[in-house]
Structure formats: structure tokens, C-alpha cells
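What follows is the content of structure.csv, which has CSV, C-alpha atoms:
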```csv
chain,number,residue,atom,x,y,z
A,216,MET,CA,0.0,0.0,0.0
A,217,LYS,CA,1.0,3.6,-0.4
A,218,ALA,CA,1.7,5.7,2.7
A,219,ILE,CA,3.5,8.9,3.9
A,220,GLN,CA,6.4,8.0,6.1
A,221,PHE,CA,9.3,9.8,7.7
A,222,SER,CA,12.6,8.2,8.8
A,223,GLN,CA,14.0,11.2,10.6
A,224,PHE,CA,12.6,14.3,12.3
A,225,GLY,CA,12.7,17.5,10.5
A,226,GLY,CA,11.1,19.8,8.0
A,227,ARG,CA,8.5,18.9,5.4
A,228,ASP,CA,11.2,17.4,3.1
A,229,VAL,CA,11.4,14.3,5.4
A,230,LEU,CA,8.0,13.2,4.4
A,231,GLU,CA,8.2,10.4,1.8
A,232,TYR,CA,5.5,8.9,-0.4
A,233,VAL,CA,6.4,5.2,-0.2
A,234,GLU,CA,5.2,1.6,-0.6
A,235,VAL,CA,4.9,-0.3,2.7
A,236,ALA,CA,3.3,-3.5,3.8
A,237,LYS,CA,-0.4,-3.5,4.6
A,238,PRO,CA,-0.9,-3.8,8.4
A,239,LEU,CA,-2.6,-7.0,9.8
A,240,PRO,CA,-5.4,-6.7,12.4
A,241,GLN,CA,-4.6,-8.2,15.8
A,242,ALA,CA,-7.0,-9.3,18.6
A,243,ASP,CA,-10.3,-7.4,17.9
A,244,ASP,CA,-8.7,-4.7,15.7
A,245,LEU,CA,-10.3,-3.7,12.5
A,246,LEU,CA,-8.5,-3.4,9.1
A,247,ILE,CA,-9.9,-0.3,7.4
A,248,GLU,CA,-9.4,0.7,3.7
A,249,VAL,CA,-9.0,4.5,4.1
A,250,THR,CA,-11.1,6.8,2.0
A,251,ALA,CA,-10.2,10.0,3.7
A,252,SER,CA,-7.6,11.0,6.3
A,253,GLY,CA,-7.5,14.2,8.4
A,254,VAL,CA,-4.4,16.3,9.0
A,255,ASN,CA,-3.7,18.0,12.3
A,256,PHE,CA,-1.2,20.6,13.5
A,257,VAL,CA,0.0,17.9,16.0
A,258,ASP,CA,1.2,15.8,13.0
A,259,ILE,CA,3.6,18.7,12.2
A,260,ARG,CA,5.0,18.7,15.7
A,261,GLU,CA,5.4,15.0,15.6
A,262,ARG,CA,7.3,15.2,12.3
A,263,MET,CA,9.6,17.9,13.8
A,264,GLY,CA,10.4,15.6,16.8
A,265,VAL,CA,8.8,17.8,19.4
A,266,TYR,CA,7.1,14.8,21.1
A,267,ALA,CA,10.4,12.8,21.1
A,268,ARG,CA,12.2,15.2,23.3
A,269,PRO,CA,12.7,14.4,27.0
A,270,GLU,CA,11.6,17.8,28.2
A,271,THR,CA,8.1,17.3,26.7
A,272,HIS,CA,7.4,14.3,29.0
A,273,VAL,CA,5.1,12.9,26.3
A,274,GLY,CA,5.5,10.8,23.2
A,275,GLN,CA,9.0,9.7,23.9
A,276,ASP,CA,8.2,6.3,22.4
A,277,LYS,CA,8.1,7.6,18.8
A,278,VAL,CA,9.8,4.9,16.8
A,279,LEU,CA,11.1,5.7,13.3
A,280,PRO,CA,10.3,5.2,10.5
A,281,ARG,CA,6.8,6.4,11.3
A,282,ILE,CA,3.4,7.0,9.6
A,283,SER,CA,1.5,9.9,11.1
A,284,GLY,CA,-2.2,10.5,11.0
A,285,LEU,CA,-4.7,10.5,13.8
A,286,GLN,CA,-8.1,10.3,12.1
A,287,ALA,CA,-9.6,8.6,9.2
A,288,VAL,CA,-12.7,7.3,7.5
A,289,GLY,CA,-13.0,4.2,5.5
A,290,ASN,CA,-14.5,0.7,5.0
A,291,VAL,CA,-13.9,-2.2,7.3
A,292,VAL,CA,-12.4,-5.0,5.1
A,293,ALA,CA,-11.3,-7.4,7.8
A,294,VAL,CA,-11.1,-8.0,11.5
A,295,GLY,CA,-8.6,-9.6,13.9
A,296,PRO,CA,-9.2,-13.2,15.2
A,297,ALA,CA,-11.3,-11.9,18.1
A,298,GLY,CA,-13.0,-9.2,16.1
A,299,ASP,CA,-16.7,-8.6,15.3
A,300,ARG,CA,-17.2,-9.9,11.8
A,301,SER,CA,-20.5,-8.2,11.4
A,302,LEU,CA,-18.5,-4.9,11.1
A,303,VAL,CA,-16.9,-6.1,7.8
A,304,GLY,CA,-18.3,-3.9,5.0
A,305,LYS,CA,-19.3,-1.1,7.4
A,306,ARG,CA,-18.2,2.5,6.9
A,307,VAL,CA,-16.5,3.9,10.0
A,308,VAL,CA,-14.8,6.9,11.4
A,309,VAL,CA,-11.8,6.2,13.7
A,310,LEU,CA,-9.6,8.1,16.1
A,311,LEU,CA,-6.1,6.7,15.8
A,312,SER,CA,-2.8,6.8,17.7
A,313,SER,CA,-0.9,6.9,14.3
A,314,GLY,CA,-1.0,5.5,10.8
A,315,GLY,CA,-3.7,7.5,9.1
A,316,TYR,CA,-1.6,8.8,6.3
A,317,ALA,CA,-2.0,5.5,4.4
A,318,GLN,CA,-4.3,3.5,2.2
A,319,PHE,CA,-5.0,0.9,4.9
A,320,VAL,CA,-4.9,1.2,8.7
A,321,THR,CA,-5.7,-1.0,11.7
A,322,ALA,CA,-7.7,0.5,14.5
A,323,ARG,CA,-9.0,-0.5,17.9
A,324,ALA,CA,-12.6,-1.4,17.8
A,325,ASP,CA,-13.4,0.8,20.9
A,326,ARG,CA,-12.1,3.9,19.0
A,327,THR,CA,-14.3,3.3,15.9
A,328,VAL,CA,-17.8,4.4,15.3
A,329,CYS,CA,-20.0,3.4,12.3
A,330,ILE,CA,-21.3,6.2,10.1
A,331,PRO,CA,-24.1,6.1,7.5
A,332,GLN,CA,-23.1,4.4,4.2
A,333,ASP,CA,-23.9,7.7,2.3
A,334,ALA,CA,-22.0,9.9,4.8
A,335,ASP,CA,-19.6,12.5,3.6
A,336,ASP,CA,-16.3,10.8,4.2
A,337,VAL,CA,-14.2,14.0,3.8
A,338,MET,CA,-16.2,15.9,6.4
A,339,PHE,CA,-16.1,13.0,8.9
A,340,ALA,CA,-12.4,12.6,8.4
A,341,ALA,CA,-11.9,16.2,9.6
A,342,MET,CA,-13.7,15.6,12.8
A,343,PRO,CA,-12.2,13.0,15.3
A,344,THR,CA,-9.1,14.6,16.8
A,345,GLN,CA,-10.3,18.2,16.7
A,346,GLY,CA,-13.8,17.3,17.8
A,347,MET,CA,-12.7,15.0,20.6
A,348,THR,CA,-10.3,17.6,21.9
A,349,ALA,CA,-13.1,20.2,21.9
A,350,TRP,CA,-15.6,17.8,23.5
A,351,LEU,CA,-13.2,16.6,26.2
A,352,MET,CA,-12.2,20.2,27.1
A,353,LEU,CA,-15.9,21.1,27.8
A,354,ASN,CA,-16.9,17.7,29.3
A,355,SER,CA,-13.8,16.4,31.1
A,356,SER,CA,-11.2,19.2,31.6
A,357,THR,CA,-14.1,21.2,32.9
A,358,GLN,CA,-17.9,20.9,32.7
A,359,LEU,CA,-19.5,23.7,30.8
A,360,HIS,CA,-22.8,24.7,32.4
A,361,PRO,CA,-25.7,26.2,30.5
A,362,GLY,CA,-25.5,30.0,30.5
A,363,GLU,CA,-21.8,30.2,31.1
A,364,SER,CA,-19.5,32.2,28.8
A,365,VAL,CA,-16.6,30.8,26.8
A,366,LEU,CA,-13.7,32.5,25.0
A,367,ILE,CA,-12.3,30.2,22.3
A,368,HIS,CA,-8.9,31.1,20.9
A,369,GLY,CA,-8.0,30.0,17.3
A,370,ALA,CA,-11.7,29.7,16.6
A,371,GLY,CA,-11.0,29.5,12.8
A,372,GLY,CA,-9.0,26.3,13.2
A,373,GLY,CA,-10.1,22.7,13.5
A,374,VAL,CA,-10.4,22.4,17.3
A,375,GLY,CA,-11.6,26.0,17.7
A,376,SER,CA,-14.4,25.7,15.1
A,377,MET,CA,-15.7,22.5,16.7
A,378,ALA,CA,-15.5,24.0,20.2
A,379,VAL,CA,-17.7,26.9,19.1
A,380,GLN,CA,-20.4,24.5,17.9
A,381,ILE,CA,-20.2,22.1,20.9
A,382,ALA,CA,-20.3,25.0,23.4
A,383,LYS,CA,-23.4,26.4,21.7
A,384,SER,CA,-25.0,22.9,21.7
A,385,MET,CA,-24.3,22.6,25.4
A,386,GLY,CA,-26.1,25.8,26.2
A,387,ALA,CA,-23.3,28.4,26.5
A,388,GLY,CA,-24.7,31.8,27.2
A,389,LEU,CA,-22.0,33.6,25.3
A,390,VAL,CA,-19.3,32.3,22.9
A,391,VAL,CA,-16.5,34.7,22.2
A,392,ALA,CA,-14.3,33.6,19.3
A,393,SER,CA,-10.8,34.9,18.7
A,394,ALA,CA,-8.9,34.6,15.4
A,395,GLY,CA,-6.1,36.5,13.6
A,396,SER,CA,-7.9,37.2,10.3
A,397,GLU,CA,-11.2,38.7,9.2
A,398,GLU,CA,-12.0,35.6,7.2
A,399,LYS,CA,-11.5,33.3,10.3
A,400,ARG,CA,-13.6,35.6,12.5
A,401,ALA,CA,-16.4,35.6,10.0
A,402,PHE,CA,-16.2,31.8,9.8
A,403,ALA,CA,-16.5,31.5,13.6
A,404,LEU,CA,-19.6,33.8,13.6
A,405,SER,CA,-21.1,31.7,10.9
A,406,LEU,CA,-20.8,28.6,13.2
A,407,GLY,CA,-22.7,30.3,16.0
A,408,ALA,CA,-20.2,32.5,17.9
A,409,ASP,CA,-21.8,35.5,19.4
A,410,VAL,CA,-18.8,37.8,19.3
A,411,ALA,CA,-15.5,37.6,17.3
A,412,ILE,CA,-12.3,39.4,18.3
A,413,ASP,CA,-8.8,39.9,16.9
A,414,TYR,CA,-6.2,38.5,19.3
A,415,ASP,CA,-3.5,40.5,17.5
A,416,LEU,CA,-5.0,43.8,18.8
A,417,PRO,CA,-3.5,44.8,22.2
A,418,THR,CA,-7.0,45.7,23.4
A,419,TRP,CA,-8.6,42.3,22.9
A,420,PRO,CA,-9.0,41.6,26.7
A,421,SER,CA,-11.0,44.8,27.0
A,422,ASP,CA,-13.2,43.6,24.1
A,423,VAL,CA,-13.9,40.4,26.1
A,424,LEU,CA,-14.7,42.4,29.2
A,425,ALA,CA,-17.0,44.7,27.3
A,426,ALA,CA,-18.9,41.7,25.9
A,427,THR,CA,-19.3,40.2,29.4
A,428,ALA,CA,-20.4,43.4,31.2
A,429,GLY,CA,-17.0,43.6,32.9
A,430,ASN,CA,-17.2,40.2,34.5
A,431,GLY,CA,-14.9,38.2,32.2
A,432,VAL,CA,-15.5,34.8,30.7
A,433,ASP,CA,-16.1,31.6,32.7
A,434,VAL,CA,-14.1,29.4,30.5
A,435,ILE,CA,-11.1,30.1,28.2
A,436,LEU,CA,-9.9,27.6,25.7
A,437,GLU,CA,-6.3,28.6,25.1
A,438,SER,CA,-4.2,27.5,22.1
A,439,ILE,CA,-2.0,30.5,21.2
A,440,GLY,CA,0.5,30.8,23.9
A,441,GLY,CA,3.3,33.5,23.8
A,442,GLU,CA,2.1,36.9,24.9
A,443,ILE,CA,-1.6,36.0,24.4
A,444,PHE,CA,-1.4,33.5,27.2
A,445,GLU,CA,-0.6,36.1,29.9
A,446,LYS,CA,-3.4,38.4,28.7
A,447,ASN,CA,-6.1,35.7,29.2
A,448,PHE,CA,-6.0,36.4,32.9
A,449,GLN,CA,-7.1,40.0,32.4
A,450,CYS,CA,-10.5,38.7,31.3
A,451,LEU,CA,-11.0,35.4,33.1
A,452,ALA,CA,-13.9,35.6,35.6
A,453,THR,CA,-13.8,34.8,39.3
A,454,PHE,CA,-14.1,31.0,39.5
A,455,GLY,CA,-13.0,30.9,35.8
A,456,ARG,CA,-11.3,28.0,34.2
A,457,CYS,CA,-8.5,28.3,31.6
A,458,ILE,CA,-7.8,25.1,29.6
A,459,ILE,CA,-4.6,24.9,27.5
A,460,PHE,CA,-4.8,22.8,24.4
A,461,GLY,CA,-1.9,24.3,22.4
A,462,SER,CA,0.8,27.0,22.1
A,463,THR,CA,1.2,28.0,18.5
A,464,ARG,CA,3.3,31.0,19.5
A,465,GLY,CA,5.4,29.1,22.0
A,466,PRO,CA,5.1,28.7,25.8
A,467,GLY,CA,5.7,32.3,26.8
A,468,LYS,CA,7.0,33.4,30.2
A,469,PRO,CA,6.8,31.2,33.3
A,470,PHE,CA,3.5,31.4,35.2
A,471,GLU,CA,3.2,31.7,38.9
A,472,PRO,CA,0.3,29.4,39.9
A,473,ARG,CA,-0.4,31.2,43.2
A,474,ARG,CA,-1.9,34.0,41.2
A,475,LEU,CA,-4.9,31.8,40.6
A,476,MET,CA,-5.8,31.9,44.3
A,477,SER,CA,-7.1,35.4,44.6
A,478,ARG,CA,-10.0,34.8,42.3
A,479,SER,CA,-10.4,31.0,42.9
A,480,GLN,CA,-9.5,30.3,39.2
A,481,THR,CA,-8.2,27.1,37.8
A,482,MET,CA,-5.9,26.2,34.9
A,483,THR,CA,-5.5,22.8,33.3
A,484,GLY,CA,-4.0,21.3,30.2
A,485,ILE,CA,-5.2,18.6,27.8
A,486,TYR,CA,-3.3,16.2,25.7
A,487,LEU,CA,-5.5,13.8,23.8
A,488,PRO,CA,-3.3,10.7,23.8
A,489,VAL,CA,-3.5,10.6,27.6
A,490,PHE,CA,-7.2,9.7,27.3
A,491,ASP,CA,-6.2,6.3,25.9
A,492,ALA,CA,-6.5,5.4,29.5
A,493,LYS,CA,-10.2,6.2,29.4
A,494,PRO,CA,-11.6,4.4,26.4
A,495,GLU,CA,-15.2,4.7,27.6
A,496,LEU,CA,-14.8,8.5,27.6
A,497,ILE,CA,-13.4,8.4,24.0
A,498,ARG,CA,-16.2,6.2,22.9
A,499,GLU,CA,-18.8,8.5,24.5
A,500,GLY,CA,-17.3,11.5,22.8
A,501,MET,CA,-16.9,9.9,19.4
A,502,LYS,CA,-20.6,8.7,19.5
A,503,TYR,CA,-21.6,12.3,20.4
A,504,LEU,CA,-19.7,13.7,17.5
A,505,VAL,CA,-21.2,11.3,15.0
A,506,ASP,CA,-24.8,11.6,16.3
A,507,GLN,CA,-24.6,15.4,16.3
A,508,THR,CA,-23.1,15.5,12.8
A,509,VAL,CA,-25.7,13.1,11.4
A,510,ALA,CA,-28.4,15.2,13.0
A,511,GLY,CA,-27.0,18.3,11.3
A,512,ASN,CA,-26.1,20.1,14.5
A,513,LEU,CA,-22.4,19.8,14.0
A,514,ARG,CA,-20.2,20.2,10.9
A,515,ALA,CA,-16.5,20.1,10.3
A,516,GLN,CA,-15.3,22.7,7.9
A,517,VAL,CA,-13.0,21.2,5.2
A,518,SER,CA,-10.9,23.9,3.5
A,519,VAL,CA,-8.5,21.8,1.5
A,520,HIS,CA,-8.7,18.3,0.1
A,521,LEU,CA,-5.4,17.1,-1.3
A,522,PRO,CA,-3.9,13.8,-2.6
A,523,LEU,CA,-2.0,11.7,0.0
A,524,SER,CA,1.1,12.3,-2.1
A,525,LYS,CA,0.8,16.0,-1.4
A,526,THR,CA,1.0,15.7,2.4
A,527,ALA,CA,3.9,18.1,2.5
A,528,GLU,CA,1.8,20.8,1.0
A,529,ALA,CA,-0.9,20.1,3.5
A,530,HIS,CA,1.7,20.6,6.3
A,531,ARG,CA,2.8,23.8,4.7
A,532,LEU,CA,-0.7,25.3,4.6
A,533,LEU,CA,-1.2,24.5,8.3
A,534,GLU,CA,2.3,25.8,9.3
A,535,GLU,CA,1.7,29.1,7.4
A,536,ARG,CA,-1.8,29.5,8.9
A,537,ARG,CA,-3.4,29.5,5.5
A,538,VAL,CA,-6.3,27.2,6.4
A,539,VAL,CA,-9.8,28.1,7.6
A,540,GLY,CA,-11.1,24.8,9.0
A,541,ALA,CA,-9.4,21.5,8.3
A,542,VAL,CA,-7.2,19.7,5.7
A,543,VAL,CA,-8.1,16.2,4.5
A,544,LEU,CA,-6.0,13.8,2.4
A,545,ASP,CA,-7.3,11.5,-0.4
A,546,PRO,CA,-5.3,8.2,-0.1
A,547,ARG,CA,-6.1,7.1,-3.7
A,548,TYR,CA,-3.4,9.4,-5.1
```

What's the C-alpha cells form of this structure?
Amino acid sequence: MKAIQFSQFGGRDVLEYVEVAKPLPQADDLLIEVTASGVNFVDIRERMGVYARPETHVGQDKVLPRISGLQAVGNVVAVGPAGDRSLVGKRVVVLLSSGGYAQFVTARADRTVCIPQDADDVMFAAMPTQGMTAWLMLNSSTQLHPGESVLIHGAGGGVGSMAVQIAKSMGAGLVVASAGSEEKRAFALSLGADVAIDYDLPTWPSDVLAATAGNGVDVILESIGGEIFEKNFQCLATFGRCIIFGSTRGPGKPFEPRRLMSRSQTMTGIYLPVFDAKPELIREGMKYLVDQTVAGNLRAQVSVHLPLSKTAEAHRLLEERRVVGAVVLDPRY
């Protein structure tokens, strides 16, 4: 089968379009013929070796050569010796630990959910990682209560755009979306955000306070880092919760956690692979995403659909922030 593989960490030039052996399903695993594979910013960081460094304390087991890719849609063509044979022929969406940049992939049965036979493969392939991260932030990292306000940074991206929709579906009273371009802010508003702000303007915390009658927001979903991270605490409400799911501008300055005490605020981080230890929660979230999408209440925005052989171009578009929504690969080419 064809796959995108890298044998060393580095820039986009380490990605190779190669022929590799088709994987074999073990235990109750499923063998899936991939029809669409989603691309994430985390794939870029994995390619660069960020998660193989001791100081990250995560992902140090990355073995080379490696096939990235955390989400895919396809048809079940075989199962392992202990697998459910009734799933053969079913169309499924899957959250992977790796391997999605390929024409075939094996997947754990408990991370796979059936989708309608006439489903839009490309849209569903853009959903699992981003959607699960957004769902877990609002249902596990914290519990968003009806009527609460949320500030979602990077709302034009894959996770942010899903978080806008999930927050509204959970009854958020006010959703403030931040993004660095007019196009992305308009996109966030089209998904249901109540207010859109430009985080590149120095006055953005004041804009958030104005939208919340000076109280600040109850929940912040933070993915920018750098100087933006520090400014979050100018507009986080008393009892507010700040959840960190990325740092596209770097980690910024050290933070003194005792500062949280004066207003009884909390701060937590989320890293999706850690939730491998809670398969029942992953299953619940995946089922929610599929059900809400089938019902028309949730949609993943696909901006770019590229051949698998052009994965390096997909990485370039994400690295240069040229994407509104998600990037999906077609494994046939």
C-alpha cells in the first residue's frame, strides 16, 4: 500500500510517499481501507520531533520510521481473530494513535464508530481529533454549564471551530471567538459564535470584558501561547477555568500558579493521547460527534482536500496559517 512515512525528524522534506506492507489486524482490531484521512497541527509537531524530546514528557516512544495521521474514515475490510465480523463492510470513522496517512490502517474497535453508508467521508475525516479535543475540554477538563460564557482562541481552526459549535450545543450563554484574520472571524460567527475578536490587537482583553459586562468569561480555551497566554487572565472571571490545548506561538514566560488563588481560578492542560487510559470516555465523545453530525447540529469545515502524495503541501498550509477549517487527504493518489 501507499503511505506517507518519515525516517528522521525535521522539515516537510522528510515526508516520503512510499510503498509499505499492509498492516494486519490483531485481537479485535479492524482493518480499514481508508477513503479520507485528516491532517492536524499535532502531526507537524510529531514530524519535527517535538514529542520525542525528554523535556516534553510525552510521546518519547516515537519509533522511526513512522506513519503519522490520527483520524480517518473508511470501509472495514477485515477484523482480527477476536473481532466482530459483522463490522466487515461497514463504513466507519476512527480516532487513531498513528498510521492514518496510508491506504489501509488497523484500528482499535473501541475507538471506531459506524457512520451512514452515504456519509460525507471527507467531512467526517476532519472531525475526530479536533472534535474529541473540543468535546473533552468542555466535558472532562471542565464541565461547561448552561448559561456560562466561553472564550475560544483560534476559533477558525479545526479544534476551535468544533469547540464553538459544541459550546453552543451545550447551552453556553455567550461564545466569544478569537482569530487572527477577518476571514476566520467571519467563519466563527457563521458557526454560531456571538462575538468575534482579533487577538492580535492589544485591546482584545478589553473587548472580552465589554462583551461580558466587565465580568470576564467563565471558560477560556487557550491555544495561542506567547504573549496572548498572559493576557487571558485580564478577562478570566472569578471561578473561571483556563484550559490549555496548544501553544502555536510558544510557551511564553513562566506562570506563577499562586496568582490563581485570589479569584479562585483554575488552569489545566489537555493532551488527547493521555485519554487512551479512558476508552469509555473516548467512545462517548466519538458517539456524540457522529450523532450530532448526522443530526445536522455539528459540521466540520474542510478547507483543503489534497492527494495523499501532497501531504507536505498540507503541512505547509497549516504551518503558514493559511487554512480556515481542516485539511483532508485522499489516499487514492

Just the residues within 12 Å of Arg474 in chain A, please, counting all atoms listed in the file, with nothing from its chain fewer than 4 positions along; format it as a PDB file with C-alpha atoms, keeping the file's coordinate frame.
```pdb
ATOM      1  CA  GLU A 445      -0.600  36.100  29.900  1.00  0.00           C
ATOM      2  CA  PHE A 448      -6.000  36.400  32.900  1.00  0.00           C
ATOM      3  CA  GLN A 449      -7.100  40.000  32.400  1.00  0.00           C
ATOM      4  CA  PHE A 470       3.500  31.400  35.200  1.00  0.00           C
ATOM      5  CA  ARG A 478     -10.000  34.800  42.300  1.00  0.00           C
ATOM      6  CA  SER A 479     -10.400  31.000  42.900  1.00  0.00           C
ATOM      7  CA  GLN A 480      -9.500  30.300  39.200  1.00  0.00           C
ATOM      8  CA  THR A 481      -8.200  27.100  37.800  1.00  0.00           C
ATOM      9  CA  MET A 482      -5.900  26.200  34.900  1.00  0.00           C
TER      10      MET A 482
END
```

Which distance in Å separates CA of Thr357 in chain A and CA of Cys457 in chain A, to one decimal?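 Taking CA of Thr357 in chain A as the start and CA of Cys457 in chain A as the end point, the length is 9.1 Å.
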
Anything within 8 Å of (9.4, 8.0, 4.7): list those residues as a PyMOL selection string, counting all atoms listed in the file and sticking to the file's coordinates. chain A and resi 219-222+229-233+280-282

Report the distance between CA of Gly429 in chain A and CA of Arg473 in chain A in Å, rounded to one decimal place.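 Taking CA of Gly429 in chain A and CA of Arg473 in chain A, their separation equals 23.1 Å.
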
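Checking A:Ile485, A:Val434, A:Leu504, A:Ile439 one by one against His360 in chain A, counting all atoms listed in the file, you find the shortest gap at A:Val434.
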
Nearest residue to Val543 in chain A from the set A:Pro296, A:Gly395, A:Pro343, A:Gly461 (distances using all atoms listed in the file): A:Pro343

For a cut-off of 9 Å around (-20.2, 7.0, 17.7), file coordinates, pick out all residues using all atoms listed in the file and list them as a ChimeraX atom specification. /A:308,326-330,498-506

One decimal, in Å: what's the spacing between CA of Thr250 in chain A and CA of Asn512 in chain A? 23.6 Å

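Considering only C-alpha atoms, the residue among A:Leu451, A:Leu351, A:Ile412, A:Leu533 positioned nearest to Leu475 in chain A is A:Leu451.
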
Could you check which of A:Phe224, A:Phe444, A:Tyr316, A:Phe454 is closest to Val254 in chain A, using all atoms listed in the file?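 Result for the nearest residue to Val254 in chain A: A:Tyr316.
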
Within 12 Å of Lys468 in chain A, counting only C-alpha atoms, which residues qualify if same-chain residues fewer than 4 places away don't, as a short mmCIF file (atom, residue, chain, number, x, y, z; two decimals) with C-alpha atoms, in the frame of the given file?
```cif
data_model
loop_
_atom_site.label_atom_id
_atom_site.label_comp_id
_atom_site.auth_asym_id
_atom_site.auth_seq_id
_atom_site.Cartn_x
_atom_site.Cartn_y
_atom_site.Cartn_z
CA GLY A 440 0.50 30.80 23.90
CA GLY A 441 3.30 33.50 23.80
CA GLU A 442 2.10 36.90 24.90
CA ILE A 443 -1.60 36.00 24.40
CA PHE A 444 -1.40 33.50 27.20
CA GLU A 445 -0.60 36.10 29.90
CA LYS A 446 -3.40 38.40 28.70
CA ARG A 464 3.30 31.00 19.50
#
```

Out of A:Pro240, A:Gly289, A:Gly373, A:Gly226, which residue has the shortest atom-to-atom distance to Arg536 in chain A when counting only C-alpha atoms?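 Using only C-alpha atoms, the shortest distance to Arg536 in chain A belongs to A:Gly373.
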
Restricting the calculation to only C-alpha atoms: of A:Met342, A:Leu359, A:Ala403, A:Leu239, which residue gets closest to Asn255 in chain A?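 Looking only at the distances to Asn255 in chain A, the closest residue turns out to be A:Met342.
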
Got a sec: who's within 10 Å of Gln241 in chain A, counting all atoms listed in the file, leaving out chain neighbours fewer than 5 positions off, as a PDB file with C-alpha atoms, in the frame of the given file?
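Below you can see part.pdb, which holds the result:
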```pdb
ATOM      1  CA  LEU A 246      -8.500  -3.400   9.100  1.00  0.00           C
ATOM      2  CA  VAL A 294     -11.100  -8.000  11.500  1.00  0.00           C
ATOM      3  CA  GLY A 295      -8.600  -9.600  13.900  1.00  0.00           C
ATOM      4  CA  PRO A 296      -9.200 -13.200  15.200  1.00  0.00           C
ATOM      5  CA  ALA A 297     -11.300 -11.900  18.100  1.00  0.00           C
ATOM      6  CA  GLY A 298     -13.000  -9.200  16.100  1.00  0.00           C
ATOM      7  CA  THR A 321      -5.700  -1.000  11.700  1.00  0.00           C
ATOM      8  CA  ALA A 322      -7.700   0.500  14.500  1.00  0.00           C
ATOM      9  CA  ARG A 323      -9.000  -0.500  17.900  1.00  0.00           C
TER      10      ARG A 323
END
```

Need to verify the contact set: Arg547 in chain A, 10 Å, all atoms listed in the file, exclusion of same-chain residues closer than 6 positions in sequence. Can you return it as JSON, numbers by chain? {"A": [217, 249, 250, 251, 317, 318, 522, 523, 524]}

I'd like the contact shell of Pro331 in chain A - 9 Å cut-off, only C-alpha atoms, skipping same-chain residues fewer than 6 positions apart - returned as a CSV table (one decimal) with C-alpha atoms, in the frame of the given file.
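Result written to around12.csv:
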```csv
chain,number,residue,atom,x,y,z
A,305,LYS,CA,-19.3,-1.1,7.4
A,306,ARG,CA,-18.2,2.5,6.9
A,307,VAL,CA,-16.5,3.9,10.0
A,509,VAL,CA,-25.7,13.1,11.4
```

N, CA and C atoms modelled onto range 525-544 of chain A, as a PDB file, in the coordinates of the input:
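And here is the file that came out, part.pdb:
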```pdb
ATOM      1  N   LYS A 525       0.560  14.599  -1.645  1.00  0.00           N
ATOM      2  CA  LYS A 525       0.800  16.000  -1.400  1.00  0.00           C
ATOM      3  C   LYS A 525       0.741  16.400   0.054  1.00  0.00           C
ATOM      4  N   THR A 526       1.038  15.454   0.916  1.00  0.00           N
ATOM      5  CA  THR A 526       1.000  15.700   2.400  1.00  0.00           C
ATOM      6  C   THR A 526       1.863  16.847   2.796  1.00  0.00           C
ATOM      7  N   ALA A 527       3.030  16.959   2.181  1.00  0.00           N
ATOM      8  CA  ALA A 527       3.900  18.100   2.500  1.00  0.00           C
ATOM      9  C   ALA A 527       3.279  19.412   2.297  1.00  0.00           C
ATOM     10  N   GLU A 528       2.493  19.511   1.238  1.00  0.00           N
ATOM     11  CA  GLU A 528       1.800  20.800   1.000  1.00  0.00           C
ATOM     12  C   GLU A 528       0.708  21.009   2.020  1.00  0.00           C
ATOM     13  N   ALA A 529       0.047  19.951   2.471  1.00  0.00           N
ATOM     14  CA  ALA A 529      -0.900  20.100   3.500  1.00  0.00           C
ATOM     15  C   ALA A 529      -0.265  20.629   4.810  1.00  0.00           C
ATOM     16  N   HIS A 530       0.915  20.127   5.133  1.00  0.00           N
ATOM     17  CA  HIS A 530       1.700  20.600   6.300  1.00  0.00           C
ATOM     18  C   HIS A 530       2.042  22.080   6.119  1.00  0.00           C
ATOM     19  N   ARG A 531       2.443  22.447   4.915  1.00  0.00           N
ATOM     20  CA  ARG A 531       2.800  23.800   4.700  1.00  0.00           C
ATOM     21  C   ARG A 531       1.657  24.780   4.915  1.00  0.00           C
ATOM     22  N   LEU A 532       0.495  24.422   4.415  1.00  0.00           N
ATOM     23  CA  LEU A 532      -0.700  25.300   4.600  1.00  0.00           C
ATOM     24  C   LEU A 532      -1.022  25.463   6.055  1.00  0.00           C
ATOM     25  N   LEU A 533      -0.893  24.405   6.841  1.00  0.00           N
ATOM     26  CA  LEU A 533      -1.200  24.500   8.300  1.00  0.00           C
ATOM     27  C   LEU A 533      -0.097  25.334   8.978  1.00  0.00           C
ATOM     28  N   GLU A 534       1.150  25.095   8.646  1.00  0.00           N
ATOM     29  CA  GLU A 534       2.300  25.800   9.300  1.00  0.00           C
ATOM     30  C   GLU A 534       2.165  27.314   9.015  1.00  0.00           C
ATOM     31  N   GLU A 535       1.726  27.691   7.823  1.00  0.00           N
ATOM     32  CA  GLU A 535       1.700  29.100   7.400  1.00  0.00           C
ATOM     33  C   GLU A 535       0.307  29.725   7.766  1.00  0.00           C
ATOM     34  N   ARG A 536      -0.536  28.998   8.505  1.00  0.00           N
ATOM     35  CA  ARG A 536      -1.800  29.500   8.900  1.00  0.00           C
ATOM     36  C   ARG A 536      -2.708  29.956   7.767  1.00  0.00           C
ATOM     37  N   ARG A 537      -2.681  29.182   6.691  1.00  0.00           N
ATOM     38  CA  ARG A 537      -3.400  29.500   5.500  1.00  0.00           C
ATOM     39  C   ARG A 537      -4.780  28.796   5.397  1.00  0.00           C
ATOM     40  N   VAL A 538      -5.145  28.107   6.463  1.00  0.00           N
ATOM     41  CA  VAL A 538      -6.300  27.200   6.400  1.00  0.00           C
ATOM     42  C   VAL A 538      -7.402  27.745   7.350  1.00  0.00           C
ATOM     43  N   VAL A 539      -8.623  27.841   6.837  1.00  0.00           N
ATOM     44  CA  VAL A 539      -9.800  28.100   7.600  1.00  0.00           C
ATOM     45  C   VAL A 539     -10.574  26.807   7.739  1.00  0.00           C
ATOM     46  N   GLY A 540     -10.470  26.130   8.871  1.00  0.00           N
ATOM     47  CA  GLY A 540     -11.100  24.800   9.000  1.00  0.00           C
ATOM     48  C   GLY A 540     -10.004  23.738   8.935  1.00  0.00           C
ATOM     49  N   ALA A 541     -10.291  22.634   8.238  1.00  0.00           N
ATOM     50  CA  ALA A 541      -9.400  21.500   8.300  1.00  0.00           C
ATOM     51  C   ALA A 541      -8.876  21.094   6.906  1.00  0.00           C
ATOM     52  N   VAL A 542      -7.840  20.245   6.925  1.00  0.00           N
ATOM     53  CA  VAL A 542      -7.200  19.700   5.700  1.00  0.00           C
ATOM     54  C   VAL A 542      -7.415  18.194   5.720  1.00  0.00           C
ATOM     55  N   VAL A 543      -7.847  17.652   4.585  1.00  0.00           N
ATOM     56  CA  VAL A 543      -8.100  16.200   4.500  1.00  0.00           C
ATOM     57  C   VAL A 543      -7.338  15.671   3.262  1.00  0.00           C
ATOM     58  N   LEU A 544      -6.819  14.432   3.417  1.00  0.00           N
ATOM     59  CA  LEU A 544      -6.000  13.800   2.400  1.00  0.00           C
ATOM     60  C   LEU A 544      -6.863  12.683   1.687  1.00  0.00           C
TER      61      LEU A 544
END
```
